[in-house]
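Participant: This is the structure, below, for whatever I ask next.
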Amino acid sequence: RNIRTWFFAPESRMNPNMKYAQVITGKNNNTGQSFGIIEAKDFYFFLDAIHLIEESKFLNKNESSELRSWFQEYLDWLETSKIGKEEYLTKNNHGLYYDIQATSIASFVNDTAKMIKYIERSTSRMLAQISENGKMIEEIRRPTCEHYQIFTLQGWSTLARIAKTVNRDLWLKNGKLLCNAARYSIPFLSKRPICKSKVNQTNIDVERWLPLLLDAEYHCPQLRKQKNAWPSWFPSYDQIQPSLIAYQMPVIYDTHDGIAPFWNLGLYHANFTLSSLEQR
């Protein structure tokens, strides 16, 4: 019902664009900003769910075709609109999440060539976003730098999962740069202090790091050799009692962060669990 209301019904369907996303009254002729496009960052997870719904025959063939037409129009808008082009050129996580949208939608509309094009271009974006030692420079400059390190590494891990469907392994690209980013940013691995900020970051949901640690250890065997430790600036281990098993990790985080990064993590990590976390 939600799909039919949002995408099909003439009186309620969304137009296939983000023209009014994050609109600021009185600015830009009362239309949206390029940075508002990131509000559609979770289309990947939505389209993943659509495949399950289609397998269950809840959508008929005409509806499936109409839904793909909608997303094809949206992808065309994303690539040709002024704010879409601006978002693509953004140097921080916004450009990355543009790639995730474009790649997942290209896959959904069966445009494998375009999908591969964005994945290959993302390797250049990776070099611009991640330094050789793994620092995500644009993200650690942000006031809420802990959130943005998690959020951006989450994006790269999601894009890497999409890329594997066309036999591209982003974890191996650019000298395993994503492994370096994981080693530097994930506090369990780096033992680093909380990033410097004038903003209070004590309310950060530190469990968001756990699926990223699981994914990083799975794809970067060298990280499994490190002894993981529970950072001293985290809430107490006993207070959180985190699970190290994929299927038992949270299914949703703070609403600002959208859907949990690995809602189907266990599908390819079913027999892989984290090495134990040493409590401090």
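The way I read the labels, and the way they are meant: chains A, B, ... in the order of the structure tokens, residue 1 as the first residue of every chain, and ligand 1 as the first ligand shown, with later ones counted on from there.
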What are the DSSP helix (DSSP H, G or I) residues of segment 128-256 of chain A, as a PyMOL selection string?

Facilitator: chain A and resi 128-129+137-140+145-164+170-185+187-190+206-219+221-225+237-240+246-248+255-256

Participant: So that I can check the surroundings of Ser190 of chain A, please list as a list in words every protein, DNA and RNA residue that reaches within 10 Å of it, counting only C-alpha atoms and ignoring chain neighbours fewer than 3 positions away.

Facilitator: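 Using only C-alpha atoms, the neighbours found are Ala182, Arg183, Tyr184, Ser185, Ile186, Pro187, Pro193, Gln226, Lys227, Asn228, Ala229 and Pro231 of chain A.
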
Participant: Taking only C-alpha atoms into account, which of A:Leu189, A:Asn203, A:Ile240, A:Ser69 comes nearest Gln222 of chain A?

Facilitator: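 Closest to Gln222 of chain A, using only C-alpha atoms: A:Leu189.
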
Participant: Could you build a table of the residues in segment 133-203 of chain A lying no more than 6 Å from segment 79-100 of chain A, giving for each the nearest pair of atoms and their separation in Å rounded to one decimal place, using only C-alpha atoms, ordered by chain and ascending residue number, as a tab-separated table?

Facilitator:
```
residue	atom	partner	partner_atom	distance
A:Glu138	CA	A:Asn92	CA	5.6
A:Thr152	CA	A:Asn93	CA	5.6
A:Leu159	CA	A:Ile100	CA	5.7
```

Participant: Calculated over only C-alpha atoms, which of the candidates A:Cys145, A:Ala216, A:Ala49, A:Leu67 has the smallest distance to Ala181 of chain A?

Facilitator: A:Ala216
